[in-house]
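Raw target_16.pdb, PDB, C-alpha atoms and all ligand atoms:
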```pdb
MODEL        1
ATOM      1  CA  MET G   1      54.858  58.007  69.141
ATOM      2  CA  SER G   2      54.517  61.578  67.947
ATOM      3  CA  GLN G   3      55.926  62.823  64.692
ATOM      4  CA  THR G   4      58.368  64.975  66.600
ATOM      5  CA  GLU G   5      59.701  61.995  68.493
ATOM      6  CA  ARG G   6      60.018  59.964  65.344
ATOM      7  CA  THR G   7      61.884  62.631  63.451
ATOM      8  CA  ALA G   8      64.116  63.215  66.458
ATOM      9  CA  ARG G   9      65.666  59.837  65.797
ATOM     10  CA  ARG G  10      68.485  59.302  63.429
ATOM     11  CA  PRO G  11      67.317  57.388  60.329
ATOM     12  CA  ALA G  12      67.821  53.645  60.727
ATOM     13  CA  ARG G  13      70.388  52.184  58.416
ATOM     14  CA  GLY G  14      72.104  48.856  58.060
ATOM     15  CA  ARG G  15      75.653  48.375  59.237
ATOM     16  CA  ARG G  16      77.976  48.063  56.310
ATOM     17  CA  GLU G  17      81.561  47.006  55.845
ATOM     18  CA  ARG G  18      83.677  49.326  53.727
ATOM     19  CA  PRO G  19      85.518  47.246  51.102
ATOM     20  CA  GLU G  20      89.119  47.859  50.048
ATOM     21  CA  VAL G  21      89.244  50.146  47.016
ATOM     22  CA  PRO G  22      91.824  49.470  44.257
ATOM     23  CA  PRO G  23      94.270  52.406  43.783
ATOM     24  CA  GLU G  24      93.112  53.166  40.227
ATOM     25  CA  VAL G  25      89.487  53.409  41.410
ATOM     26  CA  GLN G  26      90.552  55.737  44.247
ATOM     27  CA  ALA G  27      92.500  57.891  41.792
ATOM     28  CA  ALA G  28      89.522  58.114  39.402
ATOM     29  CA  ALA G  29      87.239  59.215  42.258
ATOM     30  CA  ARG G  30      89.729  61.761  43.561
ATOM     31  CA  ARG G  31      90.128  63.336  40.126
ATOM     32  CA  GLN G  32      86.485  64.380  40.392
ATOM     33  CA  ILE G  33      87.063  66.203  43.682
ATOM     34  CA  ARG G  34      88.024  69.889  43.542
ATOM     35  CA  THR G  35      91.119  70.793  45.540
ATOM     36  CA  LEU G  36      92.607  73.882  47.194
ATOM     37  CA  GLY G  37      92.962  76.739  44.716
ATOM     38  CA  ASP G  38      89.718  75.944  42.919
ATOM     39  CA  PRO G  39      87.496  79.010  43.491
ATOM     40  CA  VAL G  40      84.335  76.892  43.653
ATOM     41  CA  LEU G  41      85.420  75.725  47.131
ATOM     42  CA  ARG G  42      84.857  79.320  48.327
ATOM     43  CA  GLU G  43      81.310  79.598  47.040
ATOM     44  CA  THR G  44      78.186  79.506  49.189
ATOM     45  CA  ALA G  45      75.968  76.677  47.976
ATOM     46  CA  ARG G  46      72.345  77.368  47.056
ATOM     47  CA  PRO G  47      69.421  75.651  48.803
ATOM     48  CA  VAL G  48      67.774  72.765  46.966
ATOM     49  CA  LYS G  49      64.174  73.434  45.942
ATOM     50  CA  GLU G  50      63.312  70.451  43.736
ATOM     51  CA  PHE G  51      63.485  66.958  45.198
ATOM     52  CA  ASP G  52      63.625  65.342  41.806
ATOM     53  CA  ALA G  53      65.447  62.615  39.887
ATOM     54  CA  GLU G  54      68.387  64.936  39.265
ATOM     55  CA  LEU G  55      68.879  65.360  43.027
ATOM     56  CA  ALA G  56      68.661  61.589  43.535
ATOM     57  CA  ALA G  57      71.300  61.093  40.830
ATOM     58  CA  LEU G  58      73.571  63.683  42.478
ATOM     59  CA  SER G  59      73.201  61.876  45.821
ATOM     60  CA  ARG G  60      74.063  58.504  44.242
ATOM     61  CA  ARG G  61      77.095  59.984  42.487
ATOM     62  CA  MET G  62      78.313  61.600  45.708
ATOM     63  CA  ILE G  63      77.952  58.343  47.649
ATOM     64  CA  ALA G  64      79.831  56.426  44.938
ATOM     65  CA  ILE G  65      82.712  58.927  45.051
ATOM     66  CA  LEU G  66      82.653  58.875  48.868
ATOM     67  CA  HIS G  67      83.068  55.090  48.776
ATOM     68  CA  ASP G  68      85.749  55.086  46.100
ATOM     69  CA  ALA G  69      87.880  58.015  47.347
ATOM     70  CA  PRO G  70      87.421  56.683  50.131
ATOM     71  CA  GLY G  71      86.142  59.251  52.591
ATOM     72  CA  VAL G  72      83.741  59.661  55.484
ATOM     73  CA  GLY G  73      82.022  62.780  54.166
ATOM     74  CA  LEU G  74      81.630  64.792  50.968
ATOM     75  CA  ALA G  75      79.874  68.063  50.107
ATOM     76  CA  ALA G  76      78.410  68.780  46.651
ATOM     77  CA  THR G  77      80.625  71.861  46.467
ATOM     78  CA  GLN G  78      83.664  69.572  46.342
ATOM     79  CA  LEU G  79      82.380  68.230  43.006
ATOM     80  CA  GLY G  80      81.767  71.754  41.703
ATOM     81  CA  VAL G  81      78.013  71.506  42.324
ATOM     82  CA  VAL G  82      77.049  74.521  44.449
ATOM     83  CA  ARG G  83      73.908  73.077  46.008
ATOM     84  CA  ARG G  84      73.274  72.378  49.688
ATOM     85  CA  VAL G  85      73.779  68.615  49.662
ATOM     86  CA  LEU G  86      76.192  66.542  51.731
ATOM     87  CA  VAL G  87      76.764  62.834  52.182
ATOM     88  CA  TYR G  88      78.540  60.986  54.937
ATOM     89  CA  GLU G  89      79.160  57.485  56.165
ATOM     90  CA  VAL G  90      80.607  56.907  59.586
ATOM     91  CA  ASP G  91      79.941  53.333  60.569
ATOM     92  CA  ASP G  92      76.412  52.751  59.356
ATOM     93  CA  GLY G  93      75.283  53.030  55.750
ATOM     94  CA  PRO G  94      75.523  56.286  53.776
ATOM     95  CA  VAL G  95      73.370  59.298  54.684
ATOM     96  CA  THR G  96      72.410  62.174  52.375
ATOM     97  CA  LEU G  97      71.424  65.483  53.944
ATOM     98  CA  VAL G  98      69.773  68.166  51.824
ATOM     99  CA  ASN G  99      69.613  71.786  53.031
ATOM    100  CA  PRO G 100      71.159  70.799  56.378
ATOM    101  CA  THR G 101      71.336  73.171  59.337
ATOM    102  CA  ILE G 102      72.687  72.863  62.855
ATOM    103  CA  VAL G 103      69.817  73.505  65.259
ATOM    104  CA  SER G 104      71.882  73.430  68.433
ATOM    105  CA  ALA G 105      75.372  72.545  69.546
ATOM    106  CA  SER G 106      76.802  71.414  72.874
ATOM    107  CA  PRO G 107      78.883  73.911  74.827
ATOM    108  CA  ALA G 108      81.474  71.142  75.140
ATOM    109  CA  THR G 109      84.009  71.179  72.333
ATOM    110  CA  GLU G 110      87.022  69.091  71.440
ATOM    111  CA  VAL G 111      90.040  69.489  69.205
ATOM    112  CA  VAL G 112      90.524  66.651  66.712
ATOM    113  CA  ASP G 113      92.836  66.371  63.695
ATOM    114  CA  GLU G 114      90.810  66.537  60.485
ATOM    115  CA  GLY G 115      91.717  65.772  56.913
ATOM    116  CA  CYS G 116      89.829  66.874  53.804
ATOM    117  CA  LEU G 117      89.522  65.297  50.364
ATOM    118  CA  SER G 118      89.983  68.798  48.914
ATOM    119  CA  LEU G 119      93.249  69.317  50.826
ATOM    120  CA  PRO G 120      95.289  66.235  49.885
ATOM    121  CA  GLY G 121      97.853  65.310  52.505
ATOM    122  CA  MET G 122      96.814  67.991  55.023
ATOM    123  CA  THR G 123      95.783  67.301  58.582
ATOM    124  CA  LEU G 124      94.785  70.153  60.865
ATOM    125  CA  PRO G 125      93.573  70.355  64.462
ATOM    126  CA  VAL G 126      90.030  71.737  64.521
ATOM    127  CA  GLU G 127      87.917  72.601  67.552
ATOM    128  CA  ARG G 128      84.213  71.843  67.217
ATOM    129  CA  PRO G 129      81.229  71.117  69.453
ATOM    130  CA  VAL G 130      81.103  67.445  70.471
ATOM    131  CA  GLU G 131      77.345  67.129  69.978
ATOM    132  CA  VAL G 132      75.065  68.817  67.477
ATOM    133  CA  ARG G 133      71.422  68.519  66.564
ATOM    134  CA  VAL G 134      70.950  68.552  62.797
ATOM    135  CA  ARG G 135      67.875  69.405  60.760
ATOM    136  CA  ALA G 136      67.669  68.598  57.045
ATOM    137  CA  ARG G 137      65.650  66.898  54.322
ATOM    138  CA  ASP G 138      66.421  63.564  52.749
ATOM    139  CA  VAL G 139      66.635  63.168  48.956
ATOM    140  CA  ARG G 140      62.872  62.668  48.772
ATOM    141  CA  GLY G 141      62.202  65.854  50.712
ATOM    142  CA  ARG G 142      61.233  64.230  54.005
ATOM    143  CA  ARG G 143      62.145  66.118  57.164
ATOM    144  CA  LEU G 144      64.942  64.806  59.331
ATOM    145  CA  GLU G 145      66.022  66.034  62.739
ATOM    146  CA  TYR G 146      68.337  64.148  65.049
ATOM    147  CA  ASP G 147      71.136  64.389  67.580
ATOM    148  CA  THR G 148      74.659  63.384  66.712
ATOM    149  CA  GLU G 149      77.922  63.169  68.596
ATOM    150  CA  GLY G 150      81.575  62.356  68.086
ATOM    151  CA  LEU G 151      82.758  61.640  64.547
ATOM    152  CA  GLU G 152      79.273  61.860  63.033
ATOM    153  CA  ALA G 153      78.731  65.333  64.522
ATOM    154  CA  ARG G 154      82.191  66.386  63.367
ATOM    155  CA  VAL G 155      81.729  65.175  59.782
ATOM    156  CA  ILE G 156      78.395  66.969  59.446
ATOM    157  CA  GLN G 157      79.941  70.233  60.712
ATOM    158  CA  HIS G 158      82.916  69.846  58.362
ATOM    159  CA  GLU G 159      80.704  69.230  55.304
ATOM    160  CA  LEU G 160      78.345  72.052  56.264
ATOM    161  CA  ASP G 161      81.373  74.349  56.304
ATOM    162  CA  HIS G 162      82.083  73.304  52.691
ATOM    163  CA  LEU G 163      78.558  74.379  51.738
ATOM    164  CA  ASP G 164      79.422  77.832  53.125
ATOM    165  CA  GLY G 165      82.772  78.005  51.354
ATOM    166  CA  VAL G 166      84.749  77.378  54.546
ATOM    167  CA  LEU G 167      87.747  75.028  54.727
ATOM    168  CA  ILE G 168      89.513  73.626  57.791
ATOM    169  CA  LEU G 169      92.320  76.115  57.054
ATOM    170  CA  GLU G 170      89.990  78.756  58.517
ATOM    171  CA  ARG G 171      89.099  76.588  61.499
ATOM    172  CA  THR G 172      92.596  76.178  62.858
ATOM    173  CA  SER G 173      95.274  78.429  64.366
ATOM    174  CA  ARG G 174      97.289  80.825  62.214
ATOM    175  CA  GLN G 175     100.425  78.801  62.964
ATOM    176  CA  GLU G 176      98.848  75.500  61.938
ATOM    177  CA  ARG G 177      97.465  77.063  58.794
ATOM    178  CA  ALA G 178     100.893  78.441  57.816
ATOM    179  CA  ARG G 179     102.560  75.094  58.494
ATOM    180  CA  ALA G 180      99.978  73.157  56.480
ATOM    181  CA  LEU G 181     100.197  75.520  53.507
ATOM    182  CA  ARG G 182     104.008  75.381  53.559
ATOM    183  CA  GLU G 183     103.957  71.575  53.570
ATOM    184  CA  PHE G 184     101.300  71.539  50.867
ATOM    185  CA  ARG G 185     103.424  73.721  48.562
ATOM    186  CA  GLU G 186     106.575  71.721  49.213
ATOM    187  CA  ARG G 187     104.944  68.380  48.587
ATOM    188  CA  ASP G 188     104.641  66.809  45.178
ATOM    189  CA  THR G 189     100.907  67.192  44.547
ATOM    190  CA  GLY G 190     100.697  64.180  42.294
ATOM    191  CA  ALA G 191      97.707  61.840  42.222
ATOM    192  CA  ALA G 192      99.434  59.604  44.770
ATOM    193  CA  SER G 193      99.213  62.133  47.619
ATOM    194  CA  ALA G 194      96.666  60.771  50.021
ATOM    195  CA  GLY G 195      94.097  63.171  51.410
ATOM    196  CA  SER G 196      92.190  61.520  54.160
ATOM    197  CA  GLY G 197      88.810  62.004  55.163
ATOM    198  CA  LEU G 198      86.153  64.522  54.920
TER     199      LEU G 198
HETATM  200 NI    NI Y 201      86.508  68.425  53.408
ENDMDL
END
```
Let me see the file written as structure tokens.
Ligand code: NI
Amino acid sequence: MSQTERTARRPARGRRERPEVPPEVQAAARRQIRTLGDPVLRETARPVKEFDAELAALSRRMIAILHDAPGVGLAATQLGVVRRVLVYEVDDGPVTLVNPTIVSASPATEVVDEGCLSLPGMTLPVERPVEVRVRARDVRGRRLEYDTEGLEARVIQHELDHLDGVLILERTSRQERARALREFRERDTGAASAGSGL
């Protein structure tokens, strides 16, 4: 099998059950996640150049917060670290993508309601390509390139947006955006408000 064929496959990972997370652990994880109004969420993250122990530690910390929040995806930007790193976990084990790019996207799109850990309590309809081919490095600097579809493709696109300072508020209609912001302002933004997702 050629190198190209091998790297065209998604990395193999073990199936993993997501355990229930106690509320105080969820709250502690969510306190580390920047939310709407924090200017860092609008920054463009810088590419990673060193695949070192510090990067590995960042990846482990992001996966721990992803599990505890709990969420299906998290971008480094959401922790105030403006580097091009994202993690996600759909139904296999966690994946870390460093310097990810979308190589190609299907013409077919679909509209799905998305939540965001940085927008507690908000859900917005977002149209995105159903399938995308992603190219990235893993935490050790090895090249990855594979095709994704459905939720996995959606999560990667959502987190990549974070790395470019883009939130789902900019990916929805003006009406939906206005409604979501109105509800967000009216709601008590205490620690109990549950942001789902990405
Ligand atoms: Ni998000």
Contacts between ligand NI 201 (chain Y) and chain G, please, where a residue of chain G counts if it comes within 7 Å (with only C-alpha atoms and all ligand atoms); show its shortest atom pair and distance in Å to one decimal, rows by chain and ascending number, as CSV.
```
residue,atom,partner,partner_atom,distance
G:Leu74,CA,Y:NI201,NI,6.6
G:Gly115,CA,Y:NI201,NI,6.8
G:Cys116,CA,Y:NI201,NI,3.7
G:Leu117,CA,Y:NI201,NI,5.3
G:Ser118,CA,Y:NI201,NI,5.7
G:His158,CA,Y:NI201,NI,6.3
G:Glu159,CA,Y:NI201,NI,6.2
G:His162,CA,Y:NI201,NI,6.6
G:Leu167,CA,Y:NI201,NI,6.8
G:Leu198,CA,Y:NI201,NI,4.2
```
Tell me, in Å to one decimal, how far atom CA of Thr77 of chain G is from atom CA of Ala108 of chain G. 28.7 Å
Nearest to Val95 of chain G, restricted to all atoms listed in the file and choosing among G:Leu36, G:Ile156, G:Leu151, G:Leu119, comes out as G:Ile156
So how many Å separate atom CA of Arg135 of chain G and atom CA of Arg60 of chain G, to one decimal?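 A separation of 20.7 Å between them.
Atom CA of Gly150 of chain G sits 22.7 Å away from atom CA of Gly121 of chain G.
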At a cut-off of 10 Å, using only C-alpha atoms, what residues contact Thr101 of chain G? Leave out same-chain residues fewer than 3 positions from it and give the result as a list in words. Arg84, Leu97, Val98, Ser104, Val132, Arg133, Val134, Arg135, Ala136, Arg137, Glu145, Ile156, Gln157 and Leu160 of chain G
Evaluate the PyMOL selection byres (((chain G and resi 22-31) around 7) and not hetatm) on the structure here and hand back the selected residues as a ChimeraX atom specification. /G:20-21,32-33,65,68-70,191
Neighbour list for Phe51 of chain G as JSON, numbers by chain, cut-off 9 Å, all atoms listed in the file, skip fewer than 4 positions in-chain: {"G": [55, 56, 138, 139, 140, 141]}
Please determine, counting all atoms listed in the file, which residue among G:Leu169, G:Val87, G:Val126, G:Val40 has the shortest atom-to-atom distance to Ala64 of chain G. G:Val87
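The closest residue to Thr44 of chain G, picked from G:Leu163, G:Ile63, G:Val112, G:Leu144 and counting all atoms listed in the file, is G:Leu163.
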